[in-house]
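See structure below.
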Amino acid sequence: MKNTAIKGKYTPKNYRKLDKKSCIYRSMWERRFMLYCDRNPYILEWNSESIHIPYTSPKDNKTHNYYPDFYIKYIGVNGQVTEKIIEIKPKWQSKWSVNRAKWRAA
């Protein structure tokens, strides 16, 4: 399948939620999620590819670093502050065995 992803730089309006001045997006889905995080008053903090998680790949049995697409801290429906790691991918880009190893490490 041909990759026609839209890439660019997102500059947030609510810069206090983000610890850098801009983020790179690699798809329209990521750009839309950045806009959502920026505008949503319940999201207190967010970042893109800001953390790395070591994991062992089942393909080569070596340690690699997983950089999740997003980290968010938000106020949940119960009023408690919650932190999440979010990966945004279309199904055709997902390799279950490799992603499962990353998610277990996370």
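Chain labels run A, B, ... following the order of the structure tokens; each chain numbers its residues from 1, and ligands are numbered from 1 in the order shown.
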
*asked:* Set the distance at 9 Å and use only C-alpha atoms: which residues neighbour segment 66-80 of chain A once local chain neighbours fewer than 3 positions away are removed? I'd like the list as a VMD selection string.
replied: chain A and resid 30 34 37 41 to 55 83 to 88 102 to 103 105 to 106

_For a test of reading the model, state the distance in Å between atom CA of Trp29 of chain A and atom CA of Lys9 of chain A, rounded to one decimal._
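Interatomic distance, atom CA of Trp29 of chain A to atom CA of Lys9 of chain A: 13.4 Å.
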
*Write out as a PyMOL selection string all residues of chain A that backbone DSSP assigns to strand (DSSP E).*
chain A and resi 8-10+23-25+43-48+53-56+63-66+70-75+81-86

*Pick the closest to Arg104 of chain A from A:Thr82, A:Asn14, A:Asn61, A:Thr56: which is it, counting only C-alpha atoms?*
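Closest to Arg104 of chain A of all the choices is A:Thr56.
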